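Asks: Structure in structure tokens, see below.
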Amino acid sequence: MIQDLVIHAVFIGYALGLLLTFGTVLTWVERKQAAIMSDRIGANRAYVRIPFTQIKLVWLGLFHGLADGLKMMLKEDFKPRSYDRFAYALAPWLTFTPVLLVFAVIPFGGTLVPGVLVPPLSGWFGDRSYAMQIARLDAGLLIVFAFGGVAIIGVMLAGWSSSNKFSLLGALRAGSQMISYELVMGLTVLGLILIYGTLDLTEIVHQQSGVVLGFLPAWGIVYQPFAAILFLTAAIAENKRIPFDLPEAESELIAGYFTEYSAMKMGLFMFAEFIEIAIVAALFTTLFLGGYNLPYMTDSGFVLPGSHVADLPHGAVVVIQLVTFPVKVLVMCSFQILVRWTLPRFRWDQVLRFAWKFMFPLALANLTVTTVAMWALGRVST
Amino acid sequence: MTWWERAYLFEIVRGLSITGGVFLHNMWRWISGRKGALTTYYPEETRADYAAHNRGKHVLTQRPDGSPQCIACNLCATVCPALCIEIDAAFDPDDAAHPKSAARFEIDYSRCIFCGLCVEACPEDAIRMVKEVPDLPLYDRRDMWLKKDELLNWSPQRDVAKPYPPRSGRGNLA
């Protein structure tokens, strides 16, 4: 019992650390990648001076995120003369918390057997094994969408309680956009659920370690390439980033629903947005890119096409999985940043038309084709 | 729009491949130890490709004996549209050739517009502009008054277009 508690405390610490690190590092990645894409150098002036020396650590501008955080902590917390102080104070947390909670069901590694990994602990842990995620739930994917829905409430509250017309407009846009694209996102994932026959994200990852057509890894993107594109598009729209950043379009609405927020409250909105990039990437990795596994890899080692089996020791598997997952997530984050710095912003009517008249029918068609194919292959029991 | 462009995806992939290509190209340059940016890392690094006739910063020219060529006639200060040149004259009755000289010659770089009119107005070729820019990001605008010794010692020898000091015998400008 106490062993479970210890292990889960470690998992929670690791997951929180991973997310917050991603949130901070992504501000740097975004700046640097945008700069390199446009032939610039990028932020590189913030430094940490080692005390009592003149040695200044610049580290390619990595400390700019730290400087940003410090600035937001120290700024005046300006409050507008709002009629709903409580909602105003609650909104940033309602946006930030669900984003963190989503990660609870996403597996960041395979099975962990502490007794085998660290032999001195084998007496205490016995042969207990743990799935490397905070909460393994049967309804994992539903939890993801449930918390995604909660984020809308925070955005709407922020816009409503700021008593500012720009905020209200931004919140209205955010609400309609997020609800529209959440629908598309859910529909695209339905096809995957049909194929895998489960909502449990760990089980979904397990099923992706096989092989299709003899050589391709059985990743979700191989089964459902179309759904992968739709899912990523809808997820970017859900995250309110360019080209779907209408709710916070600077040139039209100042900062949209968080116009009236300052200091760390505004920082929470920004931080939530950056963590959500990582969450979207993690979700995409889990659903479509084989999760924490390398291609052809299972919890016991590699099963190469042609049934060559290469067993790996437990420690090596755990390390490979713990490294593979962040790397995949980082690549997906980088791809989202590439999209954000490539495409121009949609017009507002185009955003909703794109959701309802283009993506929604395509997602439905994808689901239909998947269903028919599954029925034809006899994989569905009627 | 054709149906190809209307389908969004293909054009988006094309755009992504362009920006991604630029990213990879620049990234490869950075990784392989070269510079992958067009911009300059300013105070540490200045651009080398200023045009030869770029009006960068002022230099006061000197006679072969080291005294400034300026005769404090105030023509440059008069013509200056930004009114940023201040000259105090000194008088030396013993120097028959150049009895007047500048005791104080200061240019306010916070107001100078780098038009080069002072150079054209000067009858003695005492003030010139070289292509290098003054590295003057300063915290106080009062520090931006550059004094005579700085204008004299701002490595005026680097003027490639007009070699300095003028060598005798070859049609020098003085």
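Residue numbering restarts at 1 in every chain; chains get A, B, ... in the order shown in the structure tokens, and ligands count up from 1 in that same order.
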Run DSSP on the backbone of this structure and report the residues of stretch 39-170 of chain B it assigns to strand (DSSP E or B), as a list in words.

Replies: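 After running DSSP on the backbone, stretch 39-170 of chain B has strand (DSSP E or B) at Lys57, His58, Val59, Leu60, Gln62, Pro68, Ile85, Glu86, Ile87, Asp88, Ala89, Ala90, Phe91, Lys100, Ser101, Ala102, Ala103, Arg104, Phe105, Glu106, Ile107, Asp108, Ile127, Arg128, Met129, Val130, Trp145 and Leu146 of chain B.
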
Asks: For the residues in the current selection, export N, CA and C atoms as a CSV table (one decimal), in the first residue's frame.

Replies:
```csv
chain,number,residue,atom,x,y,z
B,57,LYS,N,30.1,57.9,-39.4
B,57,LYS,CA,30.5,58.8,-38.3
B,57,LYS,C,31.5,59.8,-38.8
B,58,HIS,N,31.6,60.9,-38.0
B,58,HIS,CA,32.5,62.0,-38.4
B,58,HIS,C,33.9,61.8,-37.9
B,59,VAL,N,34.8,62.2,-38.7
B,59,VAL,CA,36.2,62.3,-38.3
B,59,VAL,C,36.7,63.7,-38.5
B,60,LEU,N,37.6,64.2,-37.6
B,60,LEU,CA,38.3,65.4,-37.9
B,60,LEU,C,39.7,65.1,-38.4
B,62,GLN,N,43.6,65.7,-39.6
B,62,GLN,CA,44.8,66.3,-39.0
B,62,GLN,C,45.8,66.7,-40.0
B,68,PRO,N,44.6,69.6,-35.6
B,68,PRO,CA,43.4,69.4,-36.4
B,68,PRO,C,43.4,70.4,-37.5
B,85,ILE,N,26.2,70.9,-34.0
B,85,ILE,CA,27.7,71.1,-33.9
B,85,ILE,C,28.0,72.3,-33.1
B,86,GLU,N,28.9,72.2,-32.2
B,86,GLU,CA,29.3,73.4,-31.4
B,86,GLU,C,30.8,73.6,-31.5
B,87,ILE,N,31.2,74.8,-31.8
B,87,ILE,CA,32.6,75.0,-32.0
B,87,ILE,C,33.0,76.3,-31.2
B,88,ASP,N,34.1,76.2,-30.4
B,88,ASP,CA,34.7,77.4,-29.7
B,88,ASP,C,36.0,77.6,-30.4
B,89,ALA,N,36.3,78.8,-30.9
B,89,ALA,CA,37.5,79.1,-31.6
B,89,ALA,C,38.6,79.5,-30.6
B,90,ALA,N,39.8,79.2,-31.0
B,90,ALA,CA,41.0,79.6,-30.3
B,90,ALA,C,41.9,80.4,-31.2
B,91,PHE,N,42.6,81.4,-30.7
B,91,PHE,CA,43.4,82.3,-31.6
B,91,PHE,C,44.9,82.2,-31.2
B,100,LYS,N,43.6,80.7,-36.6
B,100,LYS,CA,42.4,80.3,-35.8
B,100,LYS,C,42.4,78.7,-35.7
B,101,SER,N,42.0,78.2,-34.6
B,101,SER,CA,41.8,76.8,-34.6
B,101,SER,C,40.6,76.5,-33.6
B,102,ALA,N,40.2,75.2,-33.6
B,102,ALA,CA,39.0,74.9,-32.7
B,102,ALA,C,39.5,74.5,-31.4
B,103,ALA,N,39.1,75.3,-30.3
B,103,ALA,CA,39.5,74.9,-29.0
B,103,ALA,C,38.5,73.8,-28.5
B,104,ARG,N,37.3,73.9,-29.0
B,104,ARG,CA,36.3,72.9,-28.6
B,104,ARG,C,35.5,72.6,-29.8
B,105,PHE,N,35.3,71.3,-30.1
B,105,PHE,CA,34.6,70.9,-31.3
B,105,PHE,C,33.7,69.7,-30.9
B,106,GLU,N,32.4,69.9,-30.8
B,106,GLU,CA,31.6,68.9,-30.2
B,106,GLU,C,30.4,68.6,-31.2
B,107,ILE,N,30.0,67.3,-31.3
B,107,ILE,CA,28.9,67.0,-32.1
B,107,ILE,C,27.9,66.2,-31.2
B,108,ASP,N,26.6,66.6,-31.2
B,108,ASP,CA,25.6,65.9,-30.4
B,108,ASP,C,25.1,64.8,-31.3
B,127,ILE,N,36.5,68.1,-41.8
B,127,ILE,CA,35.6,67.1,-41.3
B,127,ILE,C,35.1,66.2,-42.4
B,128,ARG,N,35.2,64.9,-42.1
B,128,ARG,CA,34.7,63.9,-43.1
B,128,ARG,C,33.8,62.9,-42.4
B,129,MET,N,33.2,62.1,-43.3
B,129,MET,CA,32.4,61.0,-42.7
B,129,MET,C,32.9,59.7,-43.2
B,130,VAL,N,33.1,58.7,-42.3
B,130,VAL,CA,33.6,57.4,-42.7
B,130,VAL,C,32.4,56.5,-42.7
B,145,TRP,N,27.4,63.7,-26.5
B,145,TRP,CA,28.2,64.8,-27.1
B,145,TRP,C,29.6,64.3,-27.3
B,146,LEU,N,30.0,64.1,-28.5
B,146,LEU,CA,31.3,63.6,-28.7
B,146,LEU,C,32.3,64.8,-28.9
```

Asks: Excluding B:Gly20 and residues on its chain fewer than 3 positions from it, collect all residues at most 9 Å away from it, counting only C-alpha atoms, and give them as a PyMOL selection string.

Replies: (chain A and resi 37+338+342) or (chain B and resi 15-17+23-25)

Asks: Just the selected residues (N, CA and C atoms), exported as a PDB file, in the first residue's frame, please.

Replies:
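Here's the written file result.pdb:
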```pdb
ATOM      1  N   MET A  37      13.629  30.349 -38.351  1.00  0.00           N
ATOM      2  CA  MET A  37      12.821  30.244 -39.566  1.00  0.00           C
ATOM      3  C   MET A  37      12.839  31.524 -40.373  1.00  0.00           C
ATOM      4  N   LEU A 338       6.000  25.289 -35.987  1.00  0.00           N
ATOM      5  CA  LEU A 338       6.230  25.517 -37.420  1.00  0.00           C
ATOM      6  C   LEU A 338       4.941  25.967 -38.097  1.00  0.00           C
ATOM      7  N   THR A 342       3.967  29.729 -39.883  1.00  0.00           N
ATOM      8  CA  THR A 342       3.888  29.639 -41.335  1.00  0.00           C
ATOM      9  C   THR A 342       2.589  30.217 -41.868  1.00  0.00           C
TER      10      THR A 342
ATOM     11  N   GLY B  15       3.523  25.378 -48.052  1.00  0.00           N
ATOM     12  CA  GLY B  15       4.013  26.464 -47.213  1.00  0.00           C
ATOM     13  C   GLY B  15       4.897  25.953 -46.098  1.00  0.00           C
ATOM     14  N   LEU B  16       4.449  24.853 -45.470  1.00  0.00           N
ATOM     15  CA  LEU B  16       5.236  24.293 -44.375  1.00  0.00           C
ATOM     16  C   LEU B  16       6.589  23.814 -44.868  1.00  0.00           C
ATOM     17  N   SER B  17       6.614  23.268 -46.096  1.00  0.00           N
ATOM     18  CA  SER B  17       7.904  22.784 -46.581  1.00  0.00           C
ATOM     19  C   SER B  17       8.846  23.945 -46.868  1.00  0.00           C
ATOM     20  N   PHE B  23      14.121  26.713 -42.114  1.00  0.00           N
ATOM     21  CA  PHE B  23      14.532  26.379 -40.738  1.00  0.00           C
ATOM     22  C   PHE B  23      15.679  25.367 -40.747  1.00  0.00           C
ATOM     23  N   LEU B  24      15.493  24.284 -41.530  1.00  0.00           N
ATOM     24  CA  LEU B  24      16.525  23.241 -41.532  1.00  0.00           C
ATOM     25  C   LEU B  24      17.838  23.790 -42.092  1.00  0.00           C
ATOM     26  N   HIS B  25      17.742  24.603 -43.141  1.00  0.00           N
ATOM     27  CA  HIS B  25      18.951  25.175 -43.741  1.00  0.00           C
ATOM     28  C   HIS B  25      19.710  26.011 -42.717  1.00  0.00           C
TER      29      HIS B  25
END
```

Asks: Need the shell around A:Ala282: protein/DNA/RNA residues with any atom at most 10 Å away, counting only C-alpha atoms. Skip same-chain ones fewer than 2 positions apart. Format as a list of chain:residue names?

Replies: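 Within the cut-off, the hits are A:Phe103, A:Ile106, A:Pro107, A:Phe108, A:Glu276, A:Ile277, A:Ala278, A:Ile279, A:Val280, A:Phe284, A:Thr285, A:Thr286, A:Leu287, A:Phe288, A:Leu289, A:Gly291, A:Tyr292, A:Phe325, A:Pro326, A:Lys328, A:Val329, A:Leu330, A:Met332, A:Cys333.
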
Asks: I'd like the interatomic distance between atom CA of B:Lys35 and atom CA of A:Leu26, to a tenth of an Å.

Replies: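 So the answer is 23.0 Å.
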
Asks: Please report as a ChimeraX atom specification which residues of chain A come no farther than 6 Å from chain B, using only C-alpha atoms.

Replies: /A:36-37,39-41

Asks: Just the selected residues (N, CA and C atoms), exported as a tab-separated table (two decimals), in the first residue's frame, please.

Replies:
```
chain	number	residue	atom	x	y	z
A	36	ILE	N	14.92	31.40	-36.18
A	36	ILE	CA	15.73	30.69	-37.17
A	36	ILE	C	14.96	30.54	-38.47
A	37	MET	N	13.63	30.35	-38.35
A	37	MET	CA	12.82	30.24	-39.57
A	37	MET	C	12.84	31.52	-40.37
A	39	ASP	N	15.42	33.77	-40.50
A	39	ASP	CA	16.78	34.26	-40.67
A	39	ASP	C	17.22	35.22	-39.58
A	40	ARG	N	16.69	35.07	-38.39
A	40	ARG	CA	17.13	35.93	-37.29
A	40	ARG	C	17.91	35.09	-36.28
A	41	ILE	N	18.39	35.75	-35.23
A	41	ILE	CA	19.15	35.05	-34.21
A	41	ILE	C	18.25	34.67	-33.05
```

Asks: Choose the residue, out of B:Asp149, B:Glu132, B:Asp125, B:Glu5, that has the smallest atom-to-atom separation from B:Leu75; count only C-alpha atoms.

Replies: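 Looking at the shortest contact to B:Leu75, the residue is B:Asp125.
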
Asks: With DSSP run on the backbone, what are the alpha helix (DSSP H) residues within stretch 115-294 of chain A? I'd like them as a ChimeraX atom specification.

Replies: /A:115-117,122-125,140-161,165-196,201-207,220-223,225-238,250-253,263-288

Asks: Please write the residues from the selection above to a file, keeping C-alpha atoms, as a tab-separated table (two decimals), in the first residue's frame.

Replies:
```tsv
chain	number	residue	atom	x	y	z
A	115	GLY	CA	11.86	-4.53	-7.74
A	116	VAL	CA	13.58	-5.48	-10.99
A	117	LEU	CA	14.74	-1.95	-11.81
A	122	SER	CA	13.02	-5.81	-4.46
A	123	GLY	CA	12.42	-6.93	-0.89
A	124	TRP	CA	10.15	-3.99	-0.22
A	125	PHE	CA	8.37	-3.80	-3.58
A	140	GLY	CA	-8.96	7.71	-20.23
A	141	LEU	CA	-9.85	9.29	-23.54
A	142	LEU	CA	-13.19	10.49	-22.17
A	143	ILE	CA	-11.38	12.16	-19.28
A	144	VAL	CA	-9.22	14.02	-21.79
A	145	PHE	CA	-12.27	15.40	-23.54
A	146	ALA	CA	-14.07	16.14	-20.27
A	147	PHE	CA	-11.21	18.31	-19.02
A	148	GLY	CA	-10.92	19.88	-22.45
A	149	GLY	CA	-14.51	20.99	-22.00
A	150	VAL	CA	-13.77	22.53	-18.60
A	151	ALA	CA	-11.16	24.82	-20.14
A	152	ILE	CA	-13.91	26.60	-22.07
A	153	ILE	CA	-15.56	27.63	-18.81
A	154	GLY	CA	-12.42	29.39	-17.66
A	155	VAL	CA	-12.12	31.28	-20.93
A	156	MET	CA	-15.77	32.32	-20.90
A	157	LEU	CA	-15.56	33.41	-17.25
A	158	ALA	CA	-12.46	35.46	-17.96
A	159	GLY	CA	-14.11	37.27	-20.83
A	160	TRP	CA	-17.38	37.80	-18.99
A	161	SER	CA	-16.02	39.01	-15.66
A	165	LYS	CA	-15.89	44.66	-24.66
A	166	PHE	CA	-12.75	43.21	-26.20
A	167	SER	CA	-12.63	40.50	-23.55
A	168	LEU	CA	-16.27	39.65	-24.09
A	169	LEU	CA	-15.83	39.46	-27.86
A	170	GLY	CA	-12.77	37.28	-27.41
A	171	ALA	CA	-14.61	34.99	-25.00
A	172	LEU	CA	-17.54	34.63	-27.39
A	173	ARG	CA	-15.20	33.75	-30.20
A	174	ALA	CA	-13.27	31.35	-28.00
A	175	GLY	CA	-16.43	29.65	-26.79
A	176	SER	CA	-17.93	29.06	-30.21
A	177	GLN	CA	-14.61	28.04	-31.71
A	178	MET	CA	-13.63	25.63	-28.95
A	179	ILE	CA	-17.02	23.94	-28.89
A	180	SER	CA	-17.04	23.56	-32.69
A	181	TYR	CA	-13.58	22.08	-32.88
A	182	GLU	CA	-14.04	19.86	-29.86
A	183	LEU	CA	-16.79	18.14	-31.78
A	184	VAL	CA	-14.50	17.55	-34.75
A	185	MET	CA	-11.77	16.31	-32.43
A	186	GLY	CA	-14.12	13.83	-30.78
A	187	LEU	CA	-15.36	12.55	-34.12
A	188	THR	CA	-11.86	11.96	-35.48
A	189	VAL	CA	-10.91	9.98	-32.39
A	190	LEU	CA	-14.03	7.80	-32.70
A	191	GLY	CA	-12.47	6.01	-35.67
A	192	LEU	CA	-9.45	5.14	-33.55
A	193	ILE	CA	-11.66	3.91	-30.73
A	194	LEU	CA	-13.39	1.63	-33.22
A	195	ILE	CA	-10.09	0.17	-34.33
A	196	TYR	CA	-8.55	-0.26	-30.90
A	201	LEU	CA	-4.78	5.11	-23.39
A	202	THR	CA	-2.26	2.58	-22.10
A	203	GLU	CA	-4.08	-0.19	-23.93
A	204	ILE	CA	-4.13	1.97	-27.07
A	205	VAL	CA	-0.36	2.36	-26.85
A	206	HIS	CA	0.08	-1.37	-26.29
A	207	GLN	CA	-1.88	-2.16	-29.43
A	220	GLY	CA	-2.53	5.12	-35.31
A	221	ILE	CA	-1.26	7.39	-38.07
A	222	VAL	CA	-0.87	4.33	-40.31
A	223	TYR	CA	-4.40	3.13	-39.63
A	225	PRO	CA	-3.77	9.08	-41.55
A	226	PHE	CA	-6.76	11.21	-42.39
A	227	ALA	CA	-7.97	11.31	-38.81
A	228	ALA	CA	-4.47	12.26	-37.69
A	229	ILE	CA	-4.47	15.38	-39.87
A	230	LEU	CA	-7.99	16.33	-38.81
A	231	PHE	CA	-7.17	15.70	-35.16
A	232	LEU	CA	-4.05	17.85	-35.25
A	233	THR	CA	-5.90	20.67	-37.01
A	234	ALA	CA	-8.77	20.56	-34.55
A	235	ALA	CA	-6.34	20.38	-31.65
A	236	ILE	CA	-4.49	23.49	-32.82
A	237	ALA	CA	-7.84	25.26	-33.17
A	238	GLU	CA	-8.78	24.04	-29.71
A	250	GLU	CA	-3.87	41.12	-31.26
A	251	SER	CA	-4.73	43.28	-34.22
A	252	GLU	CA	-8.46	43.07	-33.54
A	253	LEU	CA	-9.03	42.35	-29.86
A	263	ALA	CA	0.98	39.98	-13.89
A	264	MET	CA	0.88	36.30	-13.00
A	265	LYS	CA	-2.81	35.90	-13.87
A	266	MET	CA	-2.01	36.75	-17.44
A	267	GLY	CA	1.06	34.55	-17.00
A	268	LEU	CA	-1.20	31.63	-16.09
A	269	PHE	CA	-3.14	32.05	-19.32
A	270	MET	CA	0.08	32.14	-21.31
A	271	PHE	CA	1.55	29.24	-19.41
A	272	ALA	CA	-1.63	27.21	-19.87
A	273	GLU	CA	-1.40	27.84	-23.59
A	274	PHE	CA	2.18	26.65	-23.76
A	275	ILE	CA	1.49	23.57	-21.66
A	276	GLU	CA	-1.47	22.85	-23.88
A	277	ILE	CA	0.89	22.71	-26.85
A	278	ALA	CA	2.72	19.96	-25.00
A	279	ILE	CA	-0.57	18.27	-24.07
A	280	VAL	CA	-1.78	18.28	-27.65
A	281	ALA	CA	1.56	16.87	-28.73
A	282	ALA	CA	1.45	14.21	-26.00
A	283	LEU	CA	-2.10	13.25	-26.97
A	284	PHE	CA	-1.17	13.06	-30.64
A	285	THR	CA	1.88	10.98	-29.78
A	286	THR	CA	-0.19	8.61	-27.65
A	287	LEU	CA	-3.02	8.19	-30.13
A	288	PHE	CA	-1.19	8.27	-33.46
```

Asks: Pick out the residues sitting within 6 Å of stretch 343-358 of chain A, and hand them over as a list in words; count only C-alpha atoms, and ignore anything fewer than 2 positions along from it in its own chain.

Replies: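 Here the answer would be Ile242, Pro243, Phe360 and Pro361 of chain A.
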
Asks: Would you output that residue set with N, CA and C atoms, as a CSV table (one decimal), in the first residue's frame?

Replies:
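Saved to again.csv:
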```csv
chain,number,residue,atom,x,y,z
A,242,ILE,N,-2.4,30.4,-33.8
A,242,ILE,CA,-2.4,30.7,-35.3
A,242,ILE,C,-2.4,29.4,-36.0
A,243,PRO,N,-3.2,29.2,-37.1
A,243,PRO,CA,-4.1,30.2,-37.8
A,243,PRO,C,-5.5,30.3,-37.2
A,360,PHE,N,-16.0,19.0,-40.2
A,360,PHE,CA,-17.0,18.1,-39.6
A,360,PHE,C,-17.5,17.0,-40.6
A,361,PRO,N,-17.9,17.4,-41.9
A,361,PRO,CA,-18.2,16.3,-42.8
A,361,PRO,C,-17.1,15.4,-43.1
```
